[in-house]
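Engineer: Take a look at the following structure, please.
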Amino acid sequence: MGSDRVLAVLKELARHPDGVTLDELTRAIGSPKPTVHRALAALRRAGLAGQDPGGRYLLGDEFLRMAFAHHEARPEHVRVRPLLEALSARFGETAHYAVLDGREVVHRAKADPPTGAVRLTSTVGGRNPAHATGVGKALLAHELGTLDAVRRWIGETPLERRTPRTLCTAEELHAELRATRERGHALDDQENETGVNCLALPVYGTSPRAPSGAVSVSALAYRTPLRTLVDAVEEIRELLGPLKEPF
């Protein structure tokens with residue numbers, strides 16, 4: 001049994017917080033049932049998988065303990081969390097901290113608006129296409145300074161069109177990244193999800209020259225129009241405090 005099969009089972013378990021049956025795992029992974037069962041047994045011995053009273057498999061307590069301990073110990077999470085909470089309270093919207101991972105951004109931290117307000121469904125650890133998000137464009141603007149660089153980054157795989165407003169060509173993305181550098185902040189005008197817009201700024205948690213990630217205020221467009229976020233960009237920048245640096 002290869003380690004790649006064990007990892008495939010582990011990743012599939014993460015997709016099912018309410019648990020999943022052996023048959024469902026077998027179908028999802030496309031491996032023989034005995035192979036999946038052996039992978040589950042190895043994960044259970046390590047505490048990385050478990051079973052609920054109904055026999056459904058799910059992530060184990062040891063996996064959750066390690067994941068949360070690692071997440072809470074990350075320096076950028078500790079430093080950014082108060083900022084996200086302040087932004088969320090100020091605008092009554094969701095604030096994110098995300099990092100770039102290839103063609104995607106990964107949410108490392110999130111703060112939701114007060115109880116009772118409509119909230120976004122994004123999750124810590126969730127991923128989105130970098131080209132369609134404010135946090136992604138804030139970070140790509142530092143890495144892709146020319147049209148050729150954008151073309152190389154896109155490569156042979158077309159950019160995903162998440163909404164009718166998503167920028168999907170090298171020329172469109174290059175122009176937007178140039179505009180991002182010029183104005184000092186990135187925008188997502190319902191490009192990743194219809195009805196949701198955001199404004200994002202890079203943060204410098206580990207180096208004064210290269211951003212460690214980006215912070216965004218992600219808002220429901222009907223409640224907080226993009227213009228409202230743009231008008232408040234200097235206030236957002238000031239809240240970044242020592243983490244802010246100009247493009």
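FYI, nothing fancy with the structure tokens labels: chains A, B, ... in order, residues from 1 per chain, ligands from 1 as they appear.
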I'd like the neighbourhood of A:Ala14 as a ChimeraX atom specification, where a residue qualifies if any of its atoms comes within 8 Å (using only C-alpha atoms), though same-chain residues fewer than 3 positions away should be ignored.

Structural biologist: /A:10-11,17,58-59

Engineer: Would you kindly return, as a ChimeraX atom specification, each protein, DNA or RNA residue with an atom no farther than 10 Å from any atom of A:Ala49, considering only C-alpha atoms and excluding same-chain residues fewer than 6 positions away?

Structural biologist: /A:9-10,13-14,39-43,57-64

Engineer: Rounded to one decimal place, report the atom CA of A:Ala46-atom CA of A:Thr26 distance in Å.

Structural biologist: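 Computing the Euclidean distance for atom CA of A:Ala46 and atom CA of A:Thr26 yields 20.6 Å.
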
Engineer: My list of candidates is A:Arg165, A:Arg178, A:His131, A:Arg237. Which is closest to A:Gly195 when distances are computed with only C-alpha atoms?

Structural biologist: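 Using only C-alpha atoms, A:Gly195 sits closest to A:Arg165.
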
Engineer: Name all residues at most 10 Å from stretch 83-89 of chain A (count only C-alpha atoms; drop same-chain ones fewer than 5 positions away) and give them as a ChimeraX atom specification.

Structural biologist: /A:77-78,94-97,109-114,215-219,235-236,239-241,243

Engineer: Please, could you write that set of residues out with N, CA, C and O atoms as a compact mmCIF listing (two decimals), in the first residue's frame?

Structural biologist:
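And here's part_20.txt as it stands now:
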# COMPACT_ATOMS: atom_id res chain seq x y z
N HIS A 77 -0.61 34.13 11.89
CA HIS A 77 -1.98 34.02 12.38
C HIS A 77 -2.15 34.79 13.69
O HIS A 77 -3.13 35.50 13.90
N VAL A 78 -1.17 34.66 14.57
CA VAL A 78 -1.23 35.34 15.86
C VAL A 78 -1.24 36.85 15.67
O VAL A 78 -1.98 37.58 16.33
N THR A 94 -16.92 40.02 6.46
CA THR A 94 -15.90 39.01 6.73
C THR A 94 -14.52 39.51 6.32
O THR A 94 -14.36 40.10 5.25
N ALA A 95 -13.54 39.28 7.17
CA ALA A 95 -12.15 39.62 6.85
C ALA A 95 -11.34 38.33 6.75
O ALA A 95 -11.53 37.41 7.55
N HIS A 96 -10.44 38.29 5.78
CA HIS A 96 -9.62 37.10 5.55
C HIS A 96 -8.13 37.45 5.55
O HIS A 96 -7.75 38.57 5.22
N TYR A 97 -7.32 36.46 5.90
CA TYR A 97 -5.89 36.50 5.65
C TYR A 97 -5.58 35.28 4.81
O TYR A 97 -5.96 34.15 5.15
N ALA A 109 -6.64 32.52 7.91
CA ALA A 109 -7.38 33.03 9.06
C ALA A 109 -8.60 33.78 8.56
O ALA A 109 -8.61 34.29 7.43
N LYS A 110 -9.62 33.87 9.42
CA LYS A 110 -10.88 34.49 9.04
C LYS A 110 -11.56 35.05 10.27
O LYS A 110 -11.49 34.46 11.35
N ALA A 111 -12.21 36.20 10.12
CA ALA A 111 -13.04 36.77 11.19
C ALA A 111 -14.39 37.13 10.59
O ALA A 111 -14.47 37.82 9.57
N ASP A 112 -15.44 36.65 11.20
CA ASP A 112 -16.80 36.88 10.73
C ASP A 112 -17.43 38.08 11.42
O ASP A 112 -17.02 38.46 12.53
N PRO A 113 -18.46 38.68 10.79
CA PRO A 113 -19.18 39.78 11.44
C PRO A 113 -19.95 39.28 12.65
O PRO A 113 -20.04 38.07 12.89
N PRO A 114 -20.52 40.19 13.43
CA PRO A 114 -21.23 39.80 14.65
C PRO A 114 -22.34 38.79 14.38
O PRO A 114 -22.87 38.68 13.27
N VAL A 215 -4.46 40.62 3.30
CA VAL A 215 -5.68 40.75 4.10
C VAL A 215 -6.76 41.38 3.24
O VAL A 215 -6.49 42.28 2.44
N SER A 216 -7.99 40.90 3.39
CA SER A 216 -9.10 41.46 2.62
C SER A 216 -10.32 41.66 3.50
O SER A 216 -10.49 40.97 4.50
N VAL A 217 -11.13 42.62 3.09
CA VAL A 217 -12.49 42.74 3.59
C VAL A 217 -13.39 42.24 2.47
O VAL A 217 -13.42 42.81 1.39
N SER A 218 -14.07 41.13 2.70
CA SER A 218 -14.94 40.52 1.70
C SER A 218 -16.39 40.80 2.08
O SER A 218 -16.82 40.41 3.18
N ALA A 219 -17.11 41.47 1.19
CA ALA A 219 -18.42 41.99 1.56
C ALA A 219 -19.51 41.54 0.60
O ALA A 219 -19.26 41.35 -0.59
N GLU A 235 -8.27 53.98 5.84
CA GLU A 235 -8.59 53.48 7.18
C GLU A 235 -8.16 52.03 7.32
O GLU A 235 -7.60 51.62 8.35
N ILE A 236 -8.43 51.24 6.29
CA ILE A 236 -8.00 49.84 6.31
C ILE A 236 -6.48 49.75 6.38
O ILE A 236 -5.91 48.96 7.15
N LEU A 239 -5.19 50.39 9.82
CA LEU A 239 -5.43 49.27 10.73
C LEU A 239 -4.36 48.19 10.60
O LEU A 239 -4.14 47.41 11.52
N LEU A 240 -3.71 48.14 9.43
CA LEU A 240 -2.63 47.16 9.24
C LEU A 240 -1.45 47.45 10.16
O LEU A 240 -0.67 46.55 10.48
N GLY A 241 -1.30 48.72 10.55
CA GLY A 241 -0.23 49.10 11.47
C GLY A 241 1.15 48.71 10.96
O GLY A 241 1.49 49.01 9.80
N LEU A 243 2.28 46.05 9.89
CA LEU A 243 2.28 45.06 8.81
C LEU A 243 2.11 45.71 7.43
O LEU A 243 2.18 45.03 6.42

Engineer: Please list as a PyMOL selection string every residue within 8 Å of A:Arg181, counting only C-alpha atoms and excluding residues in the same chain fewer than 2 positions away.

Structural biologist: chain A and resi 141-142+177-179+183-185+247

Engineer: Keeping N, CA, C and O atoms, export the residues of the selection given above as an mmCIF file, in the first residue's frame.

Structural biologist:
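Just written: selection-v5.cif:
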data_model
loop_
_atom_site.group_PDB
_atom_site.id
_atom_site.type_symbol
_atom_site.label_atom_id
_atom_site.label_comp_id
_atom_site.auth_asym_id
_atom_site.auth_seq_id
_atom_site.Cartn_x
_atom_site.Cartn_y
_atom_site.Cartn_z
ATOM 1 N N ALA A 141 0.467 40.800 -7.905
ATOM 2 C CA ALA A 141 0.990 42.086 -8.370
ATOM 3 C C ALA A 141 2.455 42.255 -8.008
ATOM 4 O O ALA A 141 3.197 42.987 -8.682
ATOM 5 N N HIS A 142 2.903 41.580 -6.947
ATOM 6 C CA HIS A 142 4.301 41.657 -6.523
ATOM 7 C C HIS A 142 5.181 40.663 -7.279
ATOM 8 O O HIS A 142 6.401 40.804 -7.271
ATOM 9 N N LEU A 177 -3.253 43.768 -12.736
ATOM 10 C CA LEU A 177 -2.141 43.747 -11.786
ATOM 11 C C LEU A 177 -1.358 45.056 -11.838
ATOM 12 O O LEU A 177 -0.893 45.554 -10.798
ATOM 13 N N ARG A 178 -1.222 45.619 -13.026
ATOM 14 C CA ARG A 178 -0.557 46.923 -13.147
ATOM 15 C C ARG A 178 -1.369 47.998 -12.425
ATOM 16 O O ARG A 178 -0.818 48.829 -11.695
ATOM 17 N N ALA A 179 -2.697 47.966 -12.597
ATOM 18 C CA ALA A 179 -3.560 48.926 -11.901
ATOM 19 C C ALA A 179 -3.488 48.725 -10.393
ATOM 20 O O ALA A 179 -3.535 49.691 -9.617
ATOM 21 N N ARG A 183 -2.507 51.766 -7.764
ATOM 22 C CA ARG A 183 -3.406 52.314 -6.739
ATOM 23 C C ARG A 183 -3.057 51.826 -5.337
ATOM 24 O O ARG A 183 -3.532 52.366 -4.350
ATOM 25 N N GLY A 184 -2.243 50.752 -5.227
ATOM 26 C CA GLY A 184 -1.785 50.291 -3.932
ATOM 27 C C GLY A 184 -2.697 49.314 -3.239
ATOM 28 O O GLY A 184 -2.459 48.944 -2.092
ATOM 29 N N HIS A 185 -3.741 48.876 -3.895
ATOM 30 C CA HIS A 185 -4.623 47.860 -3.321
ATOM 31 C C HIS A 185 -5.284 47.075 -4.446
ATOM 32 O O HIS A 185 -5.341 47.529 -5.584
ATOM 33 N N PHE A 247 3.276 49.415 -2.089
ATOM 34 C CA PHE A 247 3.699 48.598 -3.224
ATOM 35 C C PHE A 247 5.021 49.156 -3.747
ATOM 36 O O PHE A 247 5.247 50.348 -3.690
#

Engineer: For A:Ala186, find every residue with an atom within 10 Å (counting only C-alpha atoms), except residues of its own chain fewer than 2 positions away, and show them as a list in words.

Structural biologist: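 Skipping anything fewer than 2 positions along the chain leaves Thr133, Gly134, Val135, Gly136, Lys137, Ala138, Leu139, Leu140, Ala141, Glu176, Leu177, Ala179, Thr180, Arg181, Glu182, Arg183, Gly184, Asp188, Asp189, Cys198, Leu199, Ala200, Leu201, Pro202, Ala214, Ser216 and Val230 of chain A.
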
Engineer: With a distance cut-off of 10 Å and only C-alpha atoms, select the neighbouring residues of A:Ala8, excluding the residue or stretch itself and same-chain residues fewer than 3 positions from it, and output the selection as an MDAnalysis selection string.

Structural biologist: chainID A and resid 3:5 11:13 25 28:29 36 39

Engineer: Out of stretch 166-196 of chain A, which residues get strand (DSSP E or B) from DSSP, as a PyMOL selection string?

Structural biologist: chain A and resi 186-189+196

Engineer: Using only C-alpha atoms for the distances, tell me which of A:His174, A:Arg108, A:His37, A:Arg56 is nearest to A:Arg152.

Structural biologist: A:His174

Engineer: Mind giving me the straight-line distance from atom CA of A:His107 to atom CA of A:Arg127 in Å, one decimal?

Structural biologist: 6.5 Å

Engineer: Pick out the closest residue to A:Asp101 from this set: A:Arg45, A:Ala69, A:Gly213, A:His16. Count only C-alpha atoms.

Structural biologist: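 Ranking A:Arg45, A:Ala69, A:Gly213, A:His16 by distance to A:Asp101, first place goes to A:Gly213.
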
Engineer: By how many Å are atom CA of A:Leu220 and atom CA of A:Val99 apart?

Structural biologist: 22.0 Å

Engineer: Considering only C-alpha atoms, can you say which of A:Glu143, A:Pro211, A:Glu104, A:Arg90 comes closest to A:Leu159?

Structural biologist: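 Closest candidate: A:Glu104.
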
Engineer: With only C-alpha atoms as the basis for distance, which of A:Leu7, A:Ala67, A:Ala98, A:Ala170 is at the shortest distance from A:Val203?

Structural biologist: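 Nearest candidate to A:Val203 out of A:Leu7, A:Ala67, A:Ala98, A:Ala170: A:Ala98.
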
Engineer: Between A:Ala175, A:Leu144, A:Val196, A:Ala210, which is the closest to A:Leu120 once you count only C-alpha atoms?

Structural biologist: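 That would be A:Val196, the residue with the smallest distance to A:Leu120.
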